[in-house]
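Coordinates from my_file_12.txt are shown below (compact mmCIF, C-alpha atoms and all ligand atoms).
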```txt
# COMPACT_ATOMS: atom_id res chain seq x y z
CA MET A 1 -1.71 35.73 -1.74
CA THR A 2 -0.15 32.46 -0.74
CA ASP A 3 -3.45 31.47 0.84
CA THR A 4 -5.28 31.41 -2.45
CA VAL A 5 -2.61 30.01 -4.69
CA THR A 6 -3.40 26.36 -5.30
CA ASP A 7 -0.81 23.64 -5.66
CA ILE A 8 -1.79 22.96 -9.21
CA PHE A 9 0.64 25.71 -10.14
CA ARG A 10 3.44 24.48 -7.92
CA PRO A 11 6.15 22.99 -10.10
CA ASP A 12 7.13 20.58 -7.33
CA VAL A 13 3.71 18.94 -7.18
CA THR A 14 3.46 15.81 -9.30
CA ARG A 15 0.10 14.89 -10.73
CA ILE A 16 -0.65 11.37 -11.92
CA ASP A 17 -4.00 10.63 -13.50
CA ILE A 18 -5.62 7.25 -13.05
CA ASN A 19 -7.70 6.75 -16.17
CA LEU A 20 -10.75 4.63 -15.43
CA GLY A 21 -13.46 6.35 -17.47
CA GLU A 22 -15.99 7.98 -15.18
CA ARG A 23 -14.11 6.65 -12.16
CA SER A 24 -10.89 8.48 -13.11
CA TYR A 25 -9.08 10.49 -10.47
CA PRO A 26 -5.82 12.31 -9.85
CA ILE A 27 -3.01 11.53 -7.42
CA LEU A 28 -1.21 14.65 -6.23
CA ILE A 29 2.23 14.23 -4.69
CA GLY A 30 4.25 16.92 -2.94
CA GLU A 31 5.78 18.11 0.28
CA GLY A 32 3.37 20.03 2.53
CA LEU A 33 0.20 19.24 0.59
CA LEU A 34 -1.61 18.76 3.90
CA ASP A 35 -1.63 22.51 4.38
CA THR A 36 -3.50 23.14 1.14
CA ALA A 37 -5.67 20.04 1.33
CA GLY A 38 -8.72 22.22 1.97
CA ASP A 39 -8.49 23.76 -1.49
CA HIS A 40 -8.42 20.33 -3.11
CA LEU A 41 -11.21 18.96 -0.95
CA ALA A 42 -13.46 21.97 -1.44
CA ALA A 43 -13.87 21.17 -5.13
CA LEU A 44 -15.27 17.75 -4.18
CA LEU A 45 -17.60 18.90 -1.41
CA PRO A 46 -20.89 20.35 -2.60
CA ARG A 47 -21.91 21.30 0.97
CA LYS A 48 -18.43 22.25 2.19
CA ARG A 49 -18.62 19.73 4.99
CA THR A 50 -16.93 16.43 5.53
CA ALA A 51 -15.86 13.76 8.00
CA ILE A 52 -12.16 13.12 8.44
CA VAL A 53 -11.65 9.55 9.57
CA THR A 54 -8.29 8.78 11.09
CA ASP A 55 -6.56 6.74 13.79
CA GLU A 56 -5.18 7.79 17.18
CA ASN A 57 -1.55 8.02 16.07
CA VAL A 58 -2.23 10.07 12.99
CA ALA A 59 -4.67 12.24 14.92
CA GLU A 60 -2.02 13.04 17.48
CA GLN A 61 0.64 13.93 14.92
CA HIS A 62 -1.17 15.52 11.99
CA LEU A 63 -4.91 16.00 12.47
CA GLN A 64 -4.79 19.62 13.57
CA ARG A 65 -2.96 20.64 10.41
CA LEU A 66 -5.62 19.05 8.25
CA LEU A 67 -8.43 20.59 10.27
CA ASP A 68 -6.77 24.02 9.97
CA ALA A 69 -6.43 23.56 6.22
CA CYS A 70 -10.12 22.71 5.97
CA GLU A 71 -11.13 25.70 8.05
CA LYS A 72 -9.02 27.97 5.87
CA ALA A 73 -10.93 26.70 2.84
CA GLY A 74 -14.30 27.21 4.53
CA ILE A 75 -14.95 23.51 5.08
CA GLU A 76 -16.66 22.26 8.19
CA ALA A 77 -14.68 19.11 9.01
CA GLU A 78 -15.57 16.74 11.79
CA PRO A 79 -12.97 14.19 12.89
CA ILE A 80 -13.72 10.56 13.69
CA VAL A 81 -10.85 8.81 15.44
CA LEU A 82 -10.42 5.02 15.53
CA PRO A 83 -7.92 2.95 17.47
CA ALA A 84 -4.63 2.41 15.63
CA GLY A 85 -3.87 -1.04 14.27
CA GLU A 86 -5.12 -3.82 12.05
CA SER A 87 -7.95 -4.72 14.45
CA SER A 88 -9.88 -1.63 13.34
CA LYS A 89 -10.42 -3.32 9.97
CA SER A 90 -13.33 -5.33 11.39
CA PHE A 91 -17.12 -5.59 11.30
CA PRO A 92 -17.56 -3.99 14.75
CA HIS A 93 -15.49 -0.94 13.79
CA LEU A 94 -17.13 -0.75 10.37
CA GLU A 95 -20.54 -0.72 12.03
CA TRP A 96 -19.48 1.92 14.51
CA LEU A 97 -17.97 4.07 11.76
CA CYS A 98 -21.01 3.86 9.49
CA GLU A 99 -23.30 4.84 12.36
CA GLN A 100 -21.08 7.78 13.25
CA LEU A 101 -21.18 8.97 9.66
CA LEU A 102 -24.98 8.65 9.55
CA GLU A 103 -25.32 10.43 12.89
CA MET A 104 -23.28 13.27 11.45
CA GLY A 105 -25.76 13.53 8.62
CA ILE A 106 -23.35 12.56 5.84
CA GLU A 107 -25.37 12.47 2.64
CA ARG A 108 -24.83 10.58 -0.55
CA LYS A 109 -22.92 13.37 -2.28
CA ASP A 110 -20.71 14.27 0.67
CA ALA A 111 -17.18 12.96 0.23
CA ILE A 112 -15.52 11.52 3.32
CA VAL A 113 -11.79 11.58 3.98
CA ALA A 114 -9.59 8.59 4.85
CA PHE A 115 -6.63 10.10 6.68
CA GLY A 116 -4.18 7.42 7.76
CA GLY A 117 -2.35 4.29 6.68
CA GLY A 118 -3.69 1.30 4.81
CA VAL A 119 -5.90 0.25 7.70
CA ILE A 120 -7.83 3.51 7.68
CA GLY A 121 -7.82 3.65 3.86
CA ASP A 122 -9.26 0.14 3.49
CA LEU A 123 -11.85 0.59 6.24
CA VAL A 124 -13.05 4.06 5.22
CA GLY A 125 -13.06 3.14 1.54
CA PHE A 126 -15.27 0.17 2.30
CA ALA A 127 -17.56 2.24 4.54
CA ALA A 128 -17.86 4.78 1.70
CA SER A 129 -18.74 2.01 -0.74
CA ILE A 130 -21.76 0.92 1.31
CA LEU A 131 -22.87 4.11 3.06
CA ARG A 132 -26.11 5.17 1.39
CA ARG A 133 -25.23 2.68 -1.36
CA GLY A 134 -21.99 4.43 -2.11
CA CYS A 135 -20.62 7.87 -1.42
CA PRO A 136 -17.40 9.50 -2.62
CA PHE A 137 -14.20 9.43 -0.62
CA VAL A 138 -10.71 10.89 -0.67
CA GLN A 139 -7.48 9.18 0.34
CA ILE A 140 -4.88 11.14 2.28
CA PRO A 141 -2.39 8.34 2.99
CA THR A 142 0.07 8.83 5.84
CA THR A 143 2.31 5.74 5.70
CA LEU A 144 4.80 5.00 2.94
CA LEU A 145 2.99 1.72 2.29
CA SER A 146 -0.34 3.45 1.81
CA GLN A 147 1.21 6.20 -0.33
CA VAL A 148 2.76 3.76 -2.80
CA ASP A 149 0.25 0.93 -2.66
CA SER A 150 -3.03 0.75 -0.77
CA SER A 151 -4.41 4.25 -1.47
CA VAL A 152 -4.27 3.67 -5.22
CA GLY A 153 -6.45 1.17 -7.04
CA GLY A 154 -9.75 1.11 -5.21
CA LYS A 155 -9.46 -2.13 -3.24
CA THR A 156 -11.19 -1.66 0.09
CA GLY A 157 -12.23 -4.03 2.82
CA ILE A 158 -12.01 -5.50 6.28
CA ASN A 159 -10.76 -8.67 7.96
CA THR A 160 -12.77 -11.49 9.55
CA PRO A 161 -11.68 -14.42 11.71
CA GLN A 162 -11.57 -16.43 8.47
CA GLY A 163 -8.85 -14.27 6.97
CA LYS A 164 -7.60 -10.88 5.89
CA ASN A 165 -9.44 -8.75 3.33
CA LEU A 166 -12.08 -11.37 2.60
CA ILE A 167 -14.94 -8.86 2.85
CA GLY A 168 -14.70 -5.78 0.69
CA ALA A 169 -15.47 -3.91 -2.48
CA PHE A 170 -13.80 -2.13 -5.35
CA HIS A 171 -14.47 1.54 -4.74
CA GLN A 172 -12.18 4.12 -6.29
CA PRO A 173 -11.41 7.36 -4.42
CA ARG A 174 -12.06 10.74 -6.08
CA LEU A 175 -8.63 12.02 -5.19
CA VAL A 176 -5.43 10.77 -3.59
CA LEU A 177 -3.47 13.49 -1.84
CA ILE A 178 0.07 12.51 -0.88
CA ASP A 179 2.04 14.79 1.40
CA THR A 180 5.55 13.35 1.23
CA GLY A 181 6.43 15.00 4.54
CA VAL A 182 3.83 13.31 6.77
CA ILE A 183 5.76 10.05 6.75
CA ASP A 184 8.62 11.73 8.65
CA THR A 185 6.82 10.84 11.87
CA LEU A 186 6.51 7.14 10.99
CA PRO A 187 8.40 4.67 13.17
CA ASP A 188 11.51 3.44 11.29
CA ARG A 189 10.24 -0.09 10.93
CA GLU A 190 7.00 1.11 9.32
CA LEU A 191 8.98 3.32 6.93
CA MET A 192 11.22 0.42 5.88
CA ALA A 193 8.25 -1.91 5.50
CA GLY A 194 6.72 0.56 3.05
CA TYR A 195 10.06 0.88 1.30
CA ALA A 196 10.00 -2.85 0.52
CA GLU A 197 6.94 -2.24 -1.66
CA VAL A 198 8.78 0.60 -3.44
CA VAL A 199 11.67 -1.76 -4.24
CA LYS A 200 9.11 -4.27 -5.49
CA TYR A 201 8.07 -1.99 -8.37
CA GLY A 202 11.68 -1.83 -9.56
CA LEU A 203 12.06 -5.59 -9.34
CA ILE A 204 8.83 -6.28 -11.25
CA ASP A 205 9.56 -4.45 -14.47
CA ASP A 206 11.65 -1.33 -13.95
CA PRO A 207 15.37 -2.13 -13.64
CA ALA A 208 16.30 1.55 -14.12
CA PHE A 209 14.17 2.45 -11.09
CA PHE A 210 15.87 -0.24 -9.00
CA ALA A 211 19.28 1.11 -10.03
CA TRP A 212 18.10 4.62 -9.15
CA LEU A 213 17.01 3.37 -5.71
CA GLU A 214 20.42 1.78 -5.17
CA GLU A 215 21.95 5.23 -5.73
CA ASN A 216 19.40 7.30 -3.87
CA VAL A 217 17.98 5.20 -1.07
CA GLU A 218 19.49 7.30 1.70
CA ASP A 219 17.99 10.54 0.43
CA VAL A 220 14.62 8.90 -0.18
CA LEU A 221 14.44 7.59 3.37
CA ALA A 222 15.88 10.77 4.91
CA GLY A 223 13.13 12.74 3.22
CA GLU A 224 14.91 14.78 0.55
CA PRO A 225 11.71 16.14 -1.03
CA ALA A 226 12.41 15.76 -4.75
CA LYS A 227 13.88 12.27 -4.46
CA ARG A 228 11.21 11.04 -2.10
CA ALA A 229 8.53 12.41 -4.42
CA HIS A 230 10.21 10.67 -7.37
CA ALA A 231 10.24 7.32 -5.57
CA ILE A 232 6.59 7.66 -4.57
CA ALA A 233 5.46 8.92 -7.96
CA THR A 234 7.27 6.14 -9.84
CA SER A 235 5.62 3.60 -7.55
CA CYS A 236 2.15 5.13 -8.00
CA ARG A 237 2.61 5.20 -11.79
CA ALA A 238 3.56 1.53 -11.77
CA LYS A 239 0.50 0.61 -9.73
CA ALA A 240 -1.69 2.91 -11.85
CA ARG A 241 -0.63 1.19 -15.08
CA VAL A 242 -1.74 -2.16 -13.74
CA VAL A 243 -4.97 -0.87 -12.21
CA GLU A 244 -5.93 0.87 -15.45
CA GLN A 245 -5.61 -2.38 -17.36
CA ASP A 246 -7.27 -4.62 -14.77
CA GLU A 247 -9.45 -2.53 -12.46
CA PHE A 248 -11.46 -5.43 -11.06
CA GLU A 249 -8.68 -7.99 -10.99
CA THR A 250 -10.34 -10.22 -13.54
CA LYS A 251 -7.52 -10.48 -16.06
CA GLY A 252 -4.76 -11.62 -13.74
CA LEU A 253 -2.65 -8.58 -14.58
CA ARG A 254 -2.52 -7.46 -10.97
CA ALA A 255 -0.79 -10.69 -10.06
CA LEU A 256 2.73 -9.36 -10.72
CA LEU A 257 2.13 -6.84 -7.93
CA ASN A 258 2.29 -9.88 -5.67
CA LEU A 259 6.02 -10.40 -6.19
CA GLY A 260 7.34 -11.66 -2.86
CA HIS A 261 3.82 -12.05 -1.49
CA THR A 262 3.31 -15.81 -1.97
CA PHE A 263 6.29 -16.44 0.29
CA GLY A 264 5.52 -13.34 2.34
CA HIS A 265 1.98 -14.39 3.22
CA ALA A 266 3.26 -17.76 4.46
CA LEU A 267 5.82 -16.03 6.68
CA GLU A 268 3.16 -13.66 8.03
CA ALA A 269 0.70 -16.47 8.65
CA GLU A 270 3.32 -18.39 10.66
CA LYS A 271 4.34 -15.32 12.67
CA GLY A 272 0.81 -14.23 13.37
CA TYR A 273 -0.23 -10.67 12.62
CA GLY A 274 0.81 -9.25 15.97
CA GLY A 275 3.59 -6.99 14.73
CA ASP A 276 6.44 -9.51 15.04
CA LEU A 277 6.83 -9.38 11.30
CA LEU A 278 5.35 -6.46 9.37
CA HIS A 279 3.80 -7.08 5.97
CA GLY A 280 6.55 -5.17 4.17
CA GLU A 281 9.23 -7.08 6.06
CA ALA A 282 7.62 -10.34 4.99
CA VAL A 283 7.48 -9.07 1.41
CA ALA A 284 11.17 -8.10 1.49
CA LEU A 285 12.19 -11.58 2.57
CA GLY A 286 9.59 -13.05 0.20
CA MET A 287 11.20 -11.23 -2.73
CA VAL A 288 14.62 -12.58 -1.78
CA LEU A 289 13.15 -16.10 -1.63
CA ALA A 290 11.46 -15.62 -5.03
CA PHE A 291 14.82 -14.58 -6.50
CA GLU A 292 16.59 -17.49 -4.76
CA LEU A 293 14.10 -19.91 -6.25
CA SER A 294 14.53 -18.29 -9.65
CA VAL A 295 18.31 -18.68 -9.44
CA GLU A 296 17.94 -22.29 -8.38
CA MET A 297 15.65 -23.02 -11.29
CA GLY A 298 18.35 -21.64 -13.57
CA LEU A 299 16.22 -18.68 -14.61
CA CYS A 300 18.00 -15.76 -12.99
CA PRO A 301 21.66 -14.69 -12.82
CA PRO A 302 23.01 -15.02 -9.25
CA GLU A 303 24.42 -11.45 -9.42
CA ASP A 304 20.87 -10.10 -9.58
CA LEU A 305 19.91 -12.02 -6.46
CA GLU A 306 22.95 -10.54 -4.72
CA ARG A 307 21.91 -7.00 -5.64
CA VAL A 308 18.39 -7.57 -4.32
CA ARG A 309 19.66 -9.08 -1.10
CA ASN A 310 22.27 -6.35 -0.54
CA HIS A 311 19.86 -3.52 -1.16
CA LEU A 312 17.19 -4.82 1.19
CA ALA A 313 19.73 -5.71 3.87
CA LEU A 314 21.29 -2.24 3.60
CA VAL A 315 18.09 -0.62 4.87
CA GLY A 316 17.70 -3.23 7.59
CA LEU A 317 14.96 -5.33 6.01
CA PRO A 318 15.13 -9.08 6.72
CA THR A 319 16.73 -11.16 3.96
CA THR A 320 17.15 -14.55 5.65
CA LEU A 321 14.72 -16.90 7.35
CA ALA A 322 17.09 -17.09 10.34
CA LYS A 323 16.68 -13.34 10.83
CA VAL A 324 12.95 -13.76 11.40
CA GLY A 325 13.25 -17.00 13.37
CA LEU A 326 11.76 -19.22 10.66
CA GLU A 327 14.69 -21.39 9.70
CA GLY A 328 14.08 -25.03 8.83
CA MET A 329 10.31 -24.69 8.69
CA GLY A 330 9.79 -25.65 5.05
CA GLU A 331 6.99 -28.09 5.79
CA THR A 332 4.96 -25.59 7.79
CA LEU A 333 5.54 -22.68 5.42
CA VAL A 334 4.56 -24.70 2.37
CA ALA A 335 1.39 -25.74 4.20
CA HIS A 336 0.61 -22.04 4.73
CA MET A 337 1.16 -21.41 1.04
CA ALA A 338 -1.41 -24.04 0.19
CA GLN A 339 -3.96 -21.94 2.10
CA ASP A 340 -3.20 -18.85 0.03
CA LYS A 341 -6.30 -17.25 -1.41
CA LYS A 342 -4.46 -16.80 -4.72
CA MET A 343 -4.53 -20.58 -5.09
CA GLU A 344 -6.51 -21.65 -8.16
CA ALA A 345 -7.50 -25.21 -9.04
CA GLY A 346 -5.03 -26.54 -6.51
CA ARG A 347 -2.07 -24.72 -8.03
CA LEU A 348 -0.16 -21.79 -6.68
CA THR A 349 1.03 -19.04 -8.94
CA PHE A 350 4.56 -17.92 -8.18
CA ILE A 351 6.06 -14.69 -9.35
CA LEU A 352 9.58 -15.51 -10.42
CA ALA A 353 12.28 -13.41 -12.09
CA ARG A 354 14.64 -13.76 -15.01
CA GLY A 355 16.54 -10.88 -13.43
CA ILE A 356 15.95 -7.49 -11.86
CA GLY A 357 12.93 -5.93 -13.57
CA LYS A 358 12.06 -9.16 -15.35
CA SER A 359 9.35 -10.77 -13.25
CA PHE A 360 6.82 -13.20 -14.63
CA LEU A 361 4.10 -15.61 -13.50
CA GLU A 362 4.86 -19.30 -13.17
CA ARG A 363 2.32 -21.94 -12.26
CA ASN A 364 4.67 -24.89 -12.70
CA VAL A 365 6.75 -24.84 -9.57
CA ASP A 366 7.81 -28.01 -7.82
CA MET A 367 6.66 -27.63 -4.21
CA GLU A 368 9.33 -30.10 -3.08
CA GLN A 369 11.94 -27.71 -4.41
CA VAL A 370 10.27 -24.84 -2.56
CA LYS A 371 10.25 -26.87 0.64
CA ALA A 372 13.95 -27.71 0.24
CA LEU A 373 14.76 -24.04 -0.36
CA LEU A 374 12.91 -23.05 2.81
CA ASN A 375 14.62 -25.78 4.83
CA ARG A 376 18.13 -24.83 3.80
CA PRO A 377 20.12 -23.15 6.58
CA SER A 378 20.73 -19.46 5.89
CA ALA A 379 24.15 -18.62 4.52
P1 LIG B 1 -1.43 1.05 9.31
O1 LIG B 1 -2.51 1.81 8.67
O2 LIG B 1 -1.78 0.17 10.45
O3 LIG B 1 -0.29 2.06 9.78
C1 LIG B 1 0.86 1.56 10.44
C2 LIG B 1 1.08 2.27 11.78
O4 LIG B 1 1.57 3.59 11.53
C3 LIG B 1 -0.18 2.45 12.60
O5 LIG B 1 0.15 2.28 13.96
C4 LIG B 1 -0.57 3.90 12.36
O6 LIG B 1 -1.29 4.44 13.42
C5 LIG B 1 0.76 4.55 12.23
N1 LIG B 1 0.83 5.76 11.41
C6 LIG B 1 0.20 6.01 10.25
N2 LIG B 1 0.62 7.16 9.73
C7 LIG B 1 1.53 7.67 10.60
C8 LIG B 1 2.34 8.82 10.59
N3 LIG B 1 2.34 9.69 9.56
N4 LIG B 1 3.16 9.04 11.65
C9 LIG B 1 3.22 8.15 12.66
N5 LIG B 1 2.49 7.03 12.72
C10 LIG B 1 1.66 6.79 11.67
O7 LIG B 1 -0.65 0.11 8.26
P2 LIG B 1 -0.19 0.29 6.75
O8 LIG B 1 1.06 -0.44 6.65
O9 LIG B 1 -0.26 1.70 6.30
O10 LIG B 1 -1.33 -0.49 5.97
C11 LIG B 1 -1.55 -1.87 6.16
C12 LIG B 1 -2.92 -2.23 5.67
O11 LIG B 1 -3.03 -1.91 4.29
C13 LIG B 1 -3.25 -3.69 5.81
O12 LIG B 1 -4.51 -3.83 6.40
C14 LIG B 1 -3.31 -4.18 4.37
O13 LIG B 1 -4.24 -5.24 4.19
C15 LIG B 1 -3.71 -2.96 3.65
N6 LIG B 1 -3.34 -2.94 2.23
C16 LIG B 1 -4.31 -2.65 1.33
C17 LIG B 1 -4.00 -2.59 -0.01
C18 LIG B 1 -5.06 -2.20 -1.00
O14 LIG B 1 -4.82 -2.28 -2.19
N7 LIG B 1 -6.20 -1.77 -0.56
C19 LIG B 1 -2.70 -2.81 -0.45
C20 LIG B 1 -1.73 -3.09 0.50
C21 LIG B 1 -2.06 -3.16 1.84
MG MG B 2 1.79 -5.81 -0.18
```
Starting from the coordinates I provided, produce the structure as structure tokens.
Ligand code: NAD
Ligand code: MG
Amino acid sequence: MTDTVTDIFRPDVTRIDINLGERSYPILIGEGLLDTAGDHLAALLPRKRTAIVTDENVAEQHLQRLLDACEKAGIEAEPIVLPAGESSKSFPHLEWLCEQLLEMGIERKDAIVAFGGGVIGDLVGFAASILRRGCPFVQIPTTLLSQVDSSVGGKTGINTPQGKNLIGAFHQPRLVLIDTGVIDTLPDRELMAGYAEVVKYGLIDDPAFFAWLEENVEDVLAGEPAKRAHAIATSCRAKARVVEQDEFETKGLRALLNLGHTFGHALEAEKGYGGDLLHGEAVALGMVLAFELSVEMGLCPPEDLERVRNHLALVGLPTTLAKVGLEGMGETLVAHMAQDKKMEAGRLTFILARGIGKSFLERNVDMEQVKALLNRPSA
């Protein structure tokens, strides 16, 4: 009997609907969903066949389970395995992937599966958007970052030597399937980097969620199923609300999701993208800097900055420039900021805060003050 029972009836599976008219889709969140993925995929596969695109690390740890689940549901699933890492988000790998999919005889109505972190999600989503002028795809995210951020919202793309994510398309998945257990095999640093984006949602506009994280962070990271699912679901809901209002990023509403990112991108650019500083680590420090600037501008109570700093430091995320070897580099970092693609008409938009959960956009920031902040020795 257990084989035929679908998760829809499991009380511990959370369903969040992204309402985008005919592009609407559900996010399902629960422990062990990988084992019943076949049932969910079958409904989206007219020919009961699909390609599962993944990377080497995910393939090694989790692919067999997904293949077994497909087989159980009568789906013929063929894996395509790419190298792990950011360099797979490139034209050469995109070309290779598209040709593999065509060789396999993937047709326009066949959904393909992105099974991996944000790299696989972005690459496969983009391939799906152009393959036969657009075919459906499903996200099965396997990093915390991809579960709470990149798998939701339909942004897909690749990198070029000119910059990250400059080639891409909006292409919404048909389903996002989040197994909260698959992230147990993530390296600690990757888990924490994803956690920084979870904290971000609390800091943007949900002070109660931030307070809940302060209480429950250990259980969330240790994998207590209900608490981890709550943290992921709250994050997905926050992202979903923004995406529903501004699907194509034309109204500027997605900008708040960039809290910590203006600073973060500058830190990443200076460090290079070789793994010295992970995106989430840069965002963590970037959020601290955004709060520091807000305090300095007299906008934010210093106690709130302390809470942000303490919480991020508690899980081992960097909260000072000294920690990441970027002390006293205000000039250079500000120059990186000026290159930010979010720059409009020569002005940078900062996301500042009047307190925890009270973030807002500010275009009038004195870059000399930013430089001084970045040059100040860490306390
Ligand atoms: P990633 O996909 O490179 O995964 C990080 C590492 O973890 C990789 O080595 C991967 O092989 C490994 N891994 C993945 N799942 C694992 C698991 N369950 N167990 C063990 N190892 C596992 O990186 P990421 O942080 O998931 O995503 C980063 C990418 O996401 C960037 O390219 C970024 O531009 C993109 N992104 C996109 C959006 C969007 O809206 N589309 C949003 C944020 C970030
Ligand atoms: Mg981010």
Counting all atoms listed in the file, find residues at most 8 Å from (-6.3, 9.6, 4.0) (file frame) and give them as a CSV table (one decimal) with C-alpha atoms, in the frame of the given file.
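Result written to selection-v2.csv:
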```
chain,number,residue,atom,x,y,z
A,53,VAL,CA,-11.6,9.6,9.6
A,54,THR,CA,-8.3,8.8,11.1
A,113,VAL,CA,-11.8,11.6,4.0
A,114,ALA,CA,-9.6,8.6,4.8
A,115,PHE,CA,-6.6,10.1,6.7
A,116,GLY,CA,-4.2,7.4,7.8
A,117,GLY,CA,-2.4,4.3,6.7
A,120,ILE,CA,-7.8,3.5,7.7
A,121,GLY,CA,-7.8,3.6,3.9
A,138,VAL,CA,-10.7,10.9,-0.7
A,139,GLN,CA,-7.5,9.2,0.3
A,140,ILE,CA,-4.9,11.1,2.3
A,141,PRO,CA,-2.4,8.3,3.0
A,142,THR,CA,0.1,8.8,5.8
A,151,SER,CA,-4.4,4.2,-1.5
A,176,VAL,CA,-5.4,10.8,-3.6
A,177,LEU,CA,-3.5,13.5,-1.8
```
Any idea what's packed within 9 Å of Val198 in chain A, counting all atoms listed in the file, ignoring anything in its chain fewer than 2 positions away? Could you give it as a short mmCIF file (atom, residue, chain, number, x, y, z; two decimals) with C-alpha atoms, in the frame of the given file?
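Below you can see selection05.cif, which holds the result:
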```cif
data_model
loop_
_atom_site.label_atom_id
_atom_site.label_comp_id
_atom_site.auth_asym_id
_atom_site.auth_seq_id
_atom_site.Cartn_x
_atom_site.Cartn_y
_atom_site.Cartn_z
CA LEU A 144 4.80 5.00 2.94
CA LEU A 145 2.99 1.72 2.29
CA VAL A 148 2.76 3.76 -2.80
CA ASP A 149 0.25 0.93 -2.66
CA GLY A 194 6.72 0.56 3.05
CA TYR A 195 10.06 0.88 1.30
CA ALA A 196 10.00 -2.85 0.52
CA LYS A 200 9.11 -4.27 -5.49
CA TYR A 201 8.07 -1.99 -8.37
CA GLY A 202 11.68 -1.83 -9.56
CA LEU A 213 17.01 3.37 -5.71
CA ALA A 231 10.24 7.32 -5.57
CA ILE A 232 6.59 7.66 -4.57
CA THR A 234 7.27 6.14 -9.84
CA SER A 235 5.62 3.60 -7.55
#
```
Check your understanding: Any idea what's packed within 6 Å of Tyr25 in chain A, counting all atoms listed in the file, ignoring anything in its chain fewer than 4 positions away? Could you give it as number ranges by chain?
Key -> A: 17-18, 174-175
Kindly compute an axis-aligned box around the listed atoms of range 155-173 of chain A, allowing 5 Å on each side, and express its centre and edge lengths in Å to one decimal as AutoDock Vina command-line options.
```
--center_x -11.5 --center_y -4.5 --center_z 2.7 --size_x 17.9 --size_y 33.8 --size_z 28.0
```
Review point. Of the candidates A:Thr262, A:Gln369, A:Ser24, A:Gln245, which shows the shortest atom-to-atom distance to ligand MG 2 (chain B), using all atoms listed in the file?
Key: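 Closest to ligand MG 2 (chain B) of all the choices is A:Thr262.
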Review point. So which residues are close to (-1.9, 0.6, -15.4), meaning at most 12 Å away in the file's coordinates with all atoms listed in the file counted, and can you show them as a PyMOL selection string?
Key: chain A and resi 16-20+152-153+235-247+249+253-254+256-257
Could the residues that lie within 6 Å of ligand LIG 1 (chain B), counting all atoms listed in the file, be listed as an mmCIF file with C-alpha atoms, in the coordinates of the input?
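Heads up, here's the output in result-v5.cif:
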```cif
data_model
loop_
_atom_site.group_PDB
_atom_site.id
_atom_site.type_symbol
_atom_site.label_atom_id
_atom_site.label_comp_id
_atom_site.auth_asym_id
_atom_site.auth_seq_id
_atom_site.Cartn_x
_atom_site.Cartn_y
_atom_site.Cartn_z
ATOM 1 C CA ASP A 55 -6.560 6.740 13.790
ATOM 2 C CA ASN A 57 -1.550 8.020 16.070
ATOM 3 C CA VAL A 58 -2.230 10.070 12.990
ATOM 4 C CA ALA A 84 -4.630 2.410 15.630
ATOM 5 C CA GLY A 85 -3.870 -1.040 14.270
ATOM 6 C CA GLU A 86 -5.120 -3.820 12.050
ATOM 7 C CA GLY A 116 -4.180 7.420 7.760
ATOM 8 C CA GLY A 117 -2.350 4.290 6.680
ATOM 9 C CA GLY A 118 -3.690 1.300 4.810
ATOM 10 C CA VAL A 119 -5.900 0.250 7.700
ATOM 11 C CA ILE A 120 -7.830 3.510 7.680
ATOM 12 C CA ASP A 122 -9.260 0.140 3.490
ATOM 13 C CA THR A 142 0.070 8.830 5.840
ATOM 14 C CA THR A 143 2.310 5.740 5.700
ATOM 15 C CA LEU A 145 2.990 1.720 2.290
ATOM 16 C CA SER A 146 -0.340 3.450 1.810
ATOM 17 C CA ASP A 149 0.250 0.930 -2.660
ATOM 18 C CA SER A 150 -3.030 0.750 -0.770
ATOM 19 C CA LYS A 155 -9.460 -2.130 -3.240
ATOM 20 C CA THR A 156 -11.190 -1.660 0.090
ATOM 21 C CA VAL A 182 3.830 13.310 6.770
ATOM 22 C CA ILE A 183 5.760 10.050 6.750
ATOM 23 C CA THR A 185 6.820 10.840 11.870
ATOM 24 C CA LEU A 186 6.510 7.140 10.990
#
```
